[in-house]
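With mmCIF, C-alpha atoms inside, this is target-v7.cif:
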data_final
#
loop_
_atom_site.label_atom_id
_atom_site.label_comp_id
_atom_site.auth_asym_id
_atom_site.auth_seq_id
_atom_site.Cartn_x
_atom_site.Cartn_y
_atom_site.Cartn_z
CA MET A 5 67.33 -41.14 32.61
CA ARG A 6 67.13 -40.46 28.89
CA SER A 7 64.25 -41.73 26.72
CA SER A 8 65.11 -44.12 23.96
CA PRO A 9 64.55 -43.08 20.30
CA HIS A 10 61.95 -45.84 20.02
CA ARG A 11 59.89 -44.41 22.91
CA LEU A 12 60.09 -40.91 21.44
CA ARG A 13 58.82 -42.11 18.08
CA THR A 14 55.96 -43.97 19.77
CA ALA A 15 54.96 -40.89 21.78
CA ARG A 16 55.05 -38.70 18.70
CA ALA A 17 52.88 -41.20 16.79
CA LEU A 18 50.31 -41.30 19.60
CA LEU A 19 50.25 -37.52 19.80
CA GLY A 20 49.77 -37.29 16.03
CA ALA A 21 46.88 -39.76 16.16
CA VAL A 22 45.20 -37.79 18.95
CA LEU A 23 45.57 -34.52 17.06
CA THR A 24 44.16 -36.10 13.88
CA ALA A 25 41.17 -37.47 15.80
CA LEU A 26 40.54 -34.07 17.39
CA ALA A 27 40.69 -32.36 13.98
CA THR A 28 38.22 -34.88 12.54
CA LEU A 29 35.85 -34.37 15.47
CA ALA A 30 36.07 -30.58 15.08
CA ALA A 31 35.23 -30.87 11.39
CA LEU A 32 32.23 -33.06 12.13
CA VAL A 33 30.96 -30.62 14.76
CA ALA A 34 31.40 -27.70 12.36
CA ALA A 35 29.49 -29.55 9.66
CA VAL A 36 26.41 -29.96 11.86
CA PRO A 37 24.37 -26.72 11.89
CA PRO A 38 23.50 -25.50 15.35
CA ALA A 39 19.93 -26.02 16.50
CA GLN A 40 17.80 -22.97 15.89
CA ALA A 41 16.34 -21.42 19.00
CA ASP A 42 12.56 -21.15 18.94
CA THR A 43 11.44 -17.72 17.72
CA LEU A 44 8.29 -16.06 19.04
CA ILE A 45 6.38 -13.93 16.48
CA CYS A 46 3.51 -11.73 17.64
CA GLU A 47 3.60 -8.97 15.00
CA GLN A 48 0.51 -9.04 12.79
CA TYR A 49 2.42 -9.99 9.64
CA GLY A 50 5.70 -10.94 11.30
CA SER A 51 7.81 -13.77 9.86
CA THR A 52 11.10 -15.62 10.22
CA VAL A 53 13.12 -18.17 8.24
CA ILE A 54 13.54 -21.81 9.30
CA GLN A 55 15.89 -24.46 7.90
CA GLY A 56 17.40 -21.70 5.78
CA ARG A 57 14.72 -22.26 3.13
CA TYR A 58 11.14 -21.80 4.45
CA VAL A 59 9.29 -18.81 5.90
CA VAL A 60 7.05 -19.04 8.97
CA GLN A 61 4.50 -16.22 9.10
CA ASN A 62 1.99 -15.08 11.72
CA ASN A 63 -0.38 -13.62 9.09
CA ARG A 64 -3.22 -12.31 11.29
CA TRP A 65 -5.67 -10.36 9.14
CA GLY A 66 -9.24 -11.13 10.28
CA THR A 67 -9.13 -9.88 13.88
CA SER A 68 -7.46 -7.29 16.09
CA ALA A 69 -7.06 -9.83 18.91
CA GLN A 70 -3.55 -10.96 19.79
CA GLN A 71 -2.02 -13.95 18.03
CA CYS A 72 1.50 -15.37 18.41
CA VAL A 73 3.32 -18.24 16.74
CA THR A 74 6.55 -19.90 17.78
CA ALA A 75 8.80 -20.96 14.91
CA THR A 76 10.72 -24.17 15.59
CA ASP A 77 13.51 -25.98 13.74
CA SER A 78 11.01 -27.92 11.63
CA GLY A 79 7.75 -25.94 11.68
CA PHE A 80 5.75 -23.82 14.12
CA ARG A 81 3.10 -23.90 16.83
CA LEU A 82 0.33 -21.42 17.54
CA THR A 83 1.10 -20.27 21.09
CA GLN A 84 -1.55 -17.56 21.49
CA ALA A 85 -4.84 -17.22 19.62
CA ASP A 86 -7.15 -14.76 21.33
CA GLY A 87 -10.69 -13.88 20.28
CA SER A 88 -13.13 -15.48 17.87
CA VAL A 89 -15.02 -14.64 14.69
CA PRO A 90 -18.35 -15.91 13.30
CA THR A 91 -18.08 -19.37 11.76
CA ASN A 92 -20.16 -18.36 8.74
CA GLY A 93 -17.50 -15.89 7.61
CA ALA A 94 -13.76 -15.71 7.07
CA PRO A 95 -11.29 -17.09 9.66
CA LYS A 96 -9.14 -14.97 11.97
CA SER A 97 -5.83 -15.64 10.27
CA TYR A 98 -3.63 -18.07 8.41
CA PRO A 99 -0.46 -18.78 10.41
CA SER A 100 1.64 -20.91 8.09
CA VAL A 101 5.00 -22.01 6.73
CA PHE A 102 5.71 -21.63 3.02
CA ASN A 103 8.00 -22.17 0.06
CA GLY A 104 7.75 -19.44 -2.58
CA CYS A 105 6.54 -15.86 -2.45
CA HIS A 106 3.79 -14.28 -0.36
CA TYR A 107 3.17 -10.53 -0.80
CA THR A 108 6.83 -9.90 -1.83
CA ASN A 109 8.14 -12.07 1.04
CA CYS A 110 10.03 -14.87 -0.76
CA SER A 111 11.62 -17.86 0.93
CA PRO A 112 15.43 -18.12 0.54
CA GLY A 113 16.60 -20.04 -2.51
CA THR A 114 13.11 -20.74 -3.84
CA ASN A 115 12.64 -21.43 -7.56
CA LEU A 116 9.07 -20.15 -7.42
CA PRO A 117 7.29 -18.68 -9.29
CA ALA A 118 7.67 -21.47 -11.87
CA GLN A 119 5.54 -22.14 -14.93
CA VAL A 120 3.26 -25.12 -14.41
CA SER A 121 4.18 -26.74 -17.74
CA GLY A 122 7.85 -26.69 -16.72
CA ILE A 123 7.39 -28.48 -13.39
CA SER A 124 8.05 -32.22 -13.51
CA SER A 125 7.15 -32.86 -9.86
CA ALA A 126 6.66 -31.03 -6.57
CA PRO A 127 7.05 -33.52 -3.71
CA SER A 128 5.94 -32.32 -0.29
CA SER A 129 5.32 -33.69 3.18
CA ILE A 130 3.42 -32.32 6.15
CA SER A 131 2.77 -33.37 9.74
CA TYR A 132 0.13 -31.57 11.83
CA GLY A 133 -0.61 -31.43 15.55
CA PHE A 134 -4.25 -30.82 16.52
CA VAL A 135 -5.94 -29.61 19.73
CA SER A 136 -9.44 -29.76 21.19
CA GLY A 137 -11.60 -26.78 22.12
CA ALA A 138 -10.98 -24.88 18.88
CA VAL A 139 -12.77 -24.25 15.59
CA PHE A 140 -10.29 -24.48 12.71
CA ASN A 141 -9.18 -26.17 9.55
CA ALA A 142 -5.73 -27.57 8.86
CA SER A 143 -5.19 -26.09 5.43
CA TYR A 144 -2.51 -26.67 2.80
CA ASP A 145 -2.59 -23.87 0.19
CA ILE A 146 -1.29 -23.88 -3.39
CA TRP A 147 -1.35 -20.57 -5.29
CA LEU A 148 -1.52 -20.12 -9.09
CA ASP A 149 -1.50 -17.02 -11.28
CA PRO A 150 -1.32 -16.22 -15.03
CA THR A 151 1.81 -14.13 -14.30
CA PRO A 152 4.98 -14.88 -12.26
CA ARG A 153 3.90 -12.42 -9.60
CA THR A 154 5.48 -12.25 -6.18
CA ASP A 155 3.03 -9.75 -4.70
CA GLY A 156 -0.70 -9.38 -4.13
CA VAL A 157 -3.56 -11.81 -4.66
CA ASN A 158 -3.18 -14.69 -7.10
CA ARG A 159 -5.94 -15.77 -9.48
CA THR A 160 -6.57 -19.30 -8.15
CA GLU A 161 -6.16 -20.84 -4.72
CA ILE A 162 -6.09 -24.61 -4.22
CA MET A 163 -6.90 -25.59 -0.64
CA ILE A 164 -6.36 -29.06 0.81
CA TRP A 165 -8.33 -29.44 4.05
CA PHE A 166 -6.51 -32.06 6.12
CA ASN A 167 -8.90 -31.55 9.02
CA ARG A 168 -11.87 -29.37 9.92
CA VAL A 169 -13.37 -28.95 13.36
CA GLY A 170 -16.61 -27.06 14.04
CA PRO A 171 -19.42 -25.67 11.83
CA ILE A 172 -17.20 -24.41 9.02
CA GLN A 173 -17.03 -25.20 5.31
CA PRO A 174 -14.97 -24.26 2.27
CA ILE A 175 -15.81 -21.34 0.02
CA GLY A 176 -18.58 -22.05 -2.50
CA SER A 177 -20.34 -25.39 -2.67
CA GLN A 178 -19.51 -29.04 -3.09
CA VAL A 179 -19.41 -30.01 -6.78
CA GLY A 180 -18.51 -33.68 -6.45
CA SER A 181 -15.70 -35.91 -5.27
CA ALA A 182 -12.30 -36.93 -6.61
CA ASN A 183 -9.47 -39.36 -6.07
CA VAL A 184 -6.22 -37.42 -5.95
CA GLY A 185 -2.89 -38.85 -4.85
CA GLY A 186 -4.57 -42.16 -4.10
CA ARG A 187 -7.04 -40.62 -1.62
CA GLY A 188 -10.69 -39.68 -1.84
CA TRP A 189 -11.71 -36.02 -1.37
CA GLU A 190 -14.81 -33.86 -1.39
CA VAL A 191 -14.40 -31.18 -4.07
CA TRP A 192 -15.71 -27.64 -3.50
CA THR A 193 -15.44 -24.64 -5.80
CA GLY A 194 -16.30 -20.96 -5.40
CA SER A 195 -14.91 -17.44 -5.22
CA ASN A 196 -14.09 -15.21 -2.26
CA GLY A 197 -14.47 -12.07 -4.37
CA SER A 198 -10.73 -11.74 -4.95
CA ASN A 199 -9.79 -15.12 -6.39
CA ASP A 200 -11.21 -18.48 -7.42
CA VAL A 201 -10.93 -21.28 -4.88
CA ILE A 202 -10.99 -25.05 -5.35
CA SER A 203 -10.93 -27.05 -2.11
CA PHE A 204 -10.21 -30.73 -1.54
CA VAL A 205 -11.63 -31.83 1.81
CA ALA A 206 -10.52 -35.02 3.56
CA PRO A 207 -13.56 -37.03 4.77
CA SER A 208 -11.79 -37.60 8.11
CA ALA A 209 -8.84 -35.99 9.87
CA LEU A 210 -5.48 -36.59 8.19
CA SER A 211 -2.53 -35.70 10.45
CA SER A 212 0.36 -36.39 8.05
CA TRP A 213 0.96 -37.16 4.37
CA SER A 214 3.62 -37.15 1.67
CA PHE A 215 2.37 -36.35 -1.84
CA ASP A 216 3.00 -34.54 -5.12
CA VAL A 217 1.55 -31.02 -5.23
CA MET A 218 1.23 -31.30 -9.01
CA ASP A 219 -1.54 -33.90 -8.65
CA PHE A 220 -3.73 -31.10 -7.26
CA VAL A 221 -2.46 -28.50 -9.74
CA ASP A 222 -3.39 -30.86 -12.59
CA GLN A 223 -6.92 -31.09 -11.14
CA ALA A 224 -7.26 -27.30 -11.17
CA VAL A 225 -6.07 -27.17 -14.78
CA ALA A 226 -8.41 -29.94 -15.88
CA ARG A 227 -11.38 -28.20 -14.23
CA GLY A 228 -10.68 -24.90 -16.02
CA LEU A 229 -9.47 -23.02 -12.92
CA ALA A 230 -5.90 -22.65 -14.21
CA GLN A 231 -3.83 -23.27 -17.33
CA SER A 232 -0.52 -25.03 -17.83
CA ASN A 233 1.11 -21.75 -18.95
CA TRP A 234 0.24 -20.19 -15.56
CA TYR A 235 2.68 -20.01 -12.66
CA LEU A 236 2.90 -21.80 -9.34
CA THR A 237 3.86 -19.00 -6.94
CA SER A 238 3.80 -20.51 -3.45
CA ILE A 239 3.11 -23.65 -1.42
CA GLN A 240 1.90 -23.07 2.14
CA ALA A 241 0.79 -25.18 5.11
CA GLY A 242 -0.90 -23.99 8.28
CA PHE A 243 -4.23 -23.35 9.98
CA GLU A 244 -7.28 -21.16 9.60
CA PRO A 245 -8.67 -20.66 13.13
CA TRP A 246 -12.10 -19.20 13.83
CA GLN A 247 -12.17 -19.77 17.60
CA ASN A 248 -9.18 -20.31 19.93
CA GLY A 249 -6.44 -22.50 18.42
CA ALA A 250 -3.51 -22.23 20.82
CA GLY A 251 -1.44 -25.41 20.56
CA LEU A 252 -2.11 -26.14 16.90
CA ALA A 253 1.18 -27.07 15.26
CA VAL A 254 2.89 -27.86 11.99
CA ASN A 255 5.36 -30.38 13.35
CA SER A 256 7.26 -30.67 10.07
CA PHE A 257 7.04 -29.39 6.50
CA SER A 258 9.00 -29.96 3.33
CA SER A 259 8.49 -28.70 -0.22
CA THR A 260 10.58 -29.19 -3.36
CA VAL A 261 9.72 -28.03 -6.88
CA ASN A 262 11.51 -29.90 -9.67
CA THR A 263 11.55 -28.04 -12.97
CA GLY A 264 12.57 -29.21 -16.41
CA GLY A 265 9.36 -30.21 -18.14
CA GLY A 266 7.10 -33.20 -17.88
CA GLY A 267 3.81 -31.39 -17.26
CA PRO A 268 0.65 -31.58 -19.38
CA THR A 269 0.65 -29.48 -22.55
CA ASN A 270 -2.16 -27.39 -23.95
CA PRO A 271 -3.75 -28.06 -27.34
CA GLN A 272 -2.16 -25.50 -29.69
CA GLY A 273 -5.00 -24.78 -32.08
CA GLY A 274 -8.01 -26.21 -30.30
CA CYS A 275 -9.85 -29.38 -29.39
CA GLU A 276 -13.18 -30.99 -30.14
CA VAL A 277 -15.22 -33.46 -28.11
CA ALA A 278 -17.84 -35.85 -29.41
CA TYR A 279 -20.12 -37.17 -26.65
CA GLU A 280 -22.28 -40.08 -27.78
CA PRO A 281 -24.63 -41.54 -25.14
CA THR A 282 -26.77 -44.65 -25.32
CA VAL A 283 -29.67 -44.25 -22.91
CA TRP A 284 -32.23 -46.59 -21.35
CA GLN A 285 -34.56 -46.20 -18.40
CA GLY A 286 -32.39 -45.36 -15.39
CA GLY A 287 -29.06 -46.06 -17.08
CA PHE A 288 -26.73 -45.04 -19.87
CA THR A 289 -23.31 -45.42 -21.45
CA ALA A 290 -21.31 -42.59 -22.99
CA ASN A 291 -18.65 -42.93 -25.67
CA VAL A 292 -16.34 -39.88 -25.62
CA THR A 293 -13.93 -38.93 -28.41
CA VAL A 294 -11.37 -36.20 -27.70
CA ARG A 295 -9.87 -34.73 -30.88
CA ASN A 296 -6.78 -32.51 -31.05
CA THR A 297 -7.50 -30.03 -33.83
CA GLY A 298 -4.16 -28.26 -33.37
CA SER A 299 -0.78 -28.66 -35.02
CA THR A 300 1.18 -30.04 -32.02
CA ALA A 301 0.72 -33.13 -29.88
CA VAL A 302 -0.99 -32.94 -26.49
CA ASP A 303 0.84 -34.87 -23.75
CA GLY A 304 -0.75 -35.91 -20.48
CA TRP A 305 -4.29 -35.04 -21.53
CA GLN A 306 -6.99 -34.40 -18.93
CA LEU A 307 -10.59 -33.82 -19.97
CA GLY A 308 -12.78 -31.94 -17.52
CA PHE A 309 -16.60 -31.86 -17.58
CA THR A 310 -19.57 -31.73 -15.20
CA LEU A 311 -22.30 -34.35 -15.10
CA PRO A 312 -25.91 -33.23 -14.54
CA SER A 313 -26.90 -33.57 -10.89
CA SER A 314 -29.00 -36.71 -11.31
CA GLN A 315 -26.22 -38.78 -12.92
CA ARG A 316 -23.62 -41.06 -11.37
CA ILE A 317 -20.80 -43.04 -13.02
CA THR A 318 -20.57 -46.75 -12.16
CA GLY A 319 -17.71 -47.88 -14.41
CA SER A 320 -15.34 -46.74 -17.17
CA TRP A 321 -12.86 -47.91 -19.81
CA ASN A 322 -9.78 -46.43 -21.52
CA ALA A 323 -9.49 -43.64 -18.91
CA ASN A 324 -9.19 -42.96 -15.20
CA LEU A 325 -12.04 -40.84 -13.83
CA SER A 326 -11.50 -38.64 -10.77
CA GLY A 327 -15.09 -38.68 -9.54
CA ALA A 328 -18.42 -40.46 -9.93
CA SER A 329 -20.68 -37.38 -9.95
CA GLY A 330 -20.57 -33.63 -10.40
CA ALA A 331 -17.24 -32.34 -11.71
CA VAL A 332 -15.28 -35.17 -13.34
CA VAL A 333 -11.76 -35.30 -14.75
CA ALA A 334 -10.81 -38.06 -17.21
CA SER A 335 -7.09 -38.81 -17.54
CA PRO A 336 -5.27 -41.37 -19.70
CA VAL A 337 -4.27 -44.92 -18.90
CA ALA A 338 -0.88 -46.39 -19.77
CA HIS A 339 -1.38 -46.74 -23.53
CA ASN A 340 -3.12 -43.50 -24.53
CA GLY A 341 -1.31 -40.62 -22.81
CA GLN A 342 -0.75 -38.54 -25.98
CA ILE A 343 -3.15 -37.08 -28.53
CA ALA A 344 -1.25 -36.50 -31.77
CA ALA A 345 -1.81 -33.37 -33.87
CA GLY A 346 -5.00 -34.01 -35.79
CA GLY A 347 -5.52 -37.24 -33.83
CA SER A 348 -7.92 -38.36 -31.14
CA GLN A 349 -8.35 -40.61 -28.12
CA ASN A 350 -11.48 -42.42 -27.08
CA PHE A 351 -12.87 -43.54 -23.73
CA GLY A 352 -16.23 -44.34 -22.23
CA PHE A 353 -18.19 -44.92 -19.07
CA GLN A 354 -21.45 -46.34 -17.77
CA GLY A 355 -23.78 -44.68 -15.30
CA THR A 356 -27.20 -44.28 -13.76
CA TYR A 357 -29.61 -41.35 -13.76
CA SER A 358 -33.02 -40.28 -12.52
CA GLY A 359 -35.57 -37.97 -14.10
CA SER A 360 -34.78 -36.77 -17.59
CA PHE A 361 -31.42 -37.47 -19.23
CA ALA A 362 -29.09 -34.63 -20.26
CA GLU A 363 -25.55 -34.39 -21.62
CA PRO A 364 -22.64 -32.33 -20.21
CA SER A 365 -22.68 -28.89 -21.81
CA ALA A 366 -18.95 -28.03 -21.77
CA PHE A 367 -15.54 -29.71 -21.86
CA THR A 368 -11.97 -28.52 -21.19
CA LEU A 369 -8.77 -30.23 -22.36
CA ASN A 370 -5.86 -29.39 -20.00
CA GLY A 371 -7.67 -26.20 -19.07
CA SER A 372 -8.55 -25.09 -22.63
CA ALA A 373 -12.20 -25.01 -23.70
CA CYS A 374 -13.18 -27.47 -26.44
CA THR A 375 -15.94 -27.24 -29.02
CA VAL A 376 -18.65 -29.88 -28.84
CA ALA A 377 -19.22 -31.86 -32.03
#
Kindly transcribe the structure held in the file into structure tokens.
Amino acid sequence: MRSSPHRLRTARALLGAVLTALATLAALVAAVPPAQADTLICEQYGSTVIQGRYVVQNNRWGTSAQQCVTATDSGFRLTQADGSVPTNGAPKSYPSVFNGCHYTNCSPGTNLPAQVSGISSAPSSISYGFVSGAVFNASYDIWLDPTPRTDGVNRTEIMIWFNRVGPIQPIGSQVGSANVGGRGWEVWTGSNGSNDVISFVAPSALSSWSFDVMDFVDQAVARGLAQSNWYLTSIQAGFEPWQNGAGLAVNSFSSTVNTGGGGPTNPQGGCEVAYEPTVWQGGFTANVTVRNTGSTAVDGWQLGFTLPSSQRITGSWNANLSGASGAVVASPVAHNGQIAAGGSQNFGFQGTYSGSFAEPSAFTLNGSACTVA
């Protein structure tokens, strides 16, 4: 029995539809990257690439005891962490994942190092997994240097302590508190002998957060620990273990650096600050005038200064203040973000004090030292 032309056309049409569907399915499968098998790293400074854009590193430098990390599709976990070191010294290691360059090891496709003044934003997100029975901090590191170096030790390290467990503390001493990225932090500063360190310590454990890295970079600039013509060289997230630590994990990490301007600018030619207090027993107000003595405008100004130890700010006007005591950073409100060449901006605050009253002795405008009128 012979098939009719109509049946043949119908069969061909069905076969064509099936072949088209199979081709579409094959294209979709090809477009989805295969899952990356977990990679075990036990070499002292061993590393591997994840997501095609970040580097996971073992980075064991403070002990000869074995340490291994397992790199996953989205982060890593510390699978072996033998030995311990004294809690009043340096940690055992810094297993981490990073965007940028670390001792000539640069992540694929990174645009770091990048000059701070040319970075408009640097959004990042992090999710940690913690364990019991270990002494550690969950540390997010931001590295800055006067040169676009890809090797060696950078000049300034910004540390964000998302969690700390055990009798450990940041390098240096606490110099005050600050509100950064909408959260309150203890602020510590010091030096480890190789570089300056500014640490922002969460008052309680923070397991995940999305934020802009530049909020912390701006704090370092305002406090005189970096300048806007310096370079951001790497962004890293991991752990510093002192004792044990197996099971600690970075569940996920993302980091993007958007360049093209938008950062604070330095005063080209200098700045001058007039600090005018009105004092009574136990209290005071301070009227502060920031003058740009240079020939170009200053955008996104941030004035850094340190209050004497007995003073505490209770209120302010015409500026946002990062802390109430110790190291303080004043930044503009909506209407006064620029200081024109030869111009000035004014703000003030009220506070309390005990003992004898004293004025701050030094001021920095976007990282540049100002004269005091």
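Residues with at least one atom no more than 7 Å from (-23.2, -39.1, -25.2), using all atoms listed in the file, are Tyr279, Glu280, Pro281, Thr282, Ala290, Asn291, Val292 and Glu363 of chain A.
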Could you turn the residues from that selection into a file that holds C-alpha atoms, as a CSV table (one decimal), in the frame of the given file?
chain,number,residue,atom,x,y,z
A,279,TYR,CA,-20.1,-37.2,-26.6
A,280,GLU,CA,-22.3,-40.1,-27.8
A,281,PRO,CA,-24.6,-41.5,-25.1
A,282,THR,CA,-26.8,-44.6,-25.3
A,290,ALA,CA,-21.3,-42.6,-23.0
A,291,ASN,CA,-18.6,-42.9,-25.7
A,292,VAL,CA,-16.3,-39.9,-25.6
A,363,GLU,CA,-25.6,-34.4,-21.6
Apply the PyMOL selection byres ((chain A and resi 151) around 9) to the structure shown and report the selected residues as a list in words.
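When the PyMOL selection byres ((chain A and resi 151) around 9) is applied, the selected residues are Pro117, Gln119, Leu148, Asp149, Pro150, Pro152, Arg153, Asn158, Asn233, Trp234 and Tyr235 of chain A.
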Spell out the residues picked by the PyMOL selection byres ((chain A and resi 51-57) around 8) here, as JSON, numbers by chain.
{"A": [40, 43, 45, 49, 50, 58, 59, 60, 61, 62, 75, 76, 77, 78, 79, 103, 111, 112, 113, 114]}
Expansion of the PyMOL selection byres ((chain A and resi 191) around 10) into residues, as a PyMOL selection string:
chain A and resi 163-164+174+177-183+188-190+192-193+202-206+327+330-331
Polymer residues at most 9 Å from A:Ser208, only C-alpha atoms, same-chain spacing of 6 or more positions, as a PyMOL selection string
chain A and resi 166-168
Looking at A:Gly122, A:Gly93, A:Pro336, A:Pro99, which one is nearest to A:Glu47, with distances taken over all atoms listed in the file?
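Closest residue, counting all atoms listed in the file: A:Pro99.
Proximity to A:Gln70 was assessed for A:Gln354, A:Thr297, A:Gly249, A:Ala118 counting only C-alpha atoms; the smallest distance is recorded for A:Gly249.
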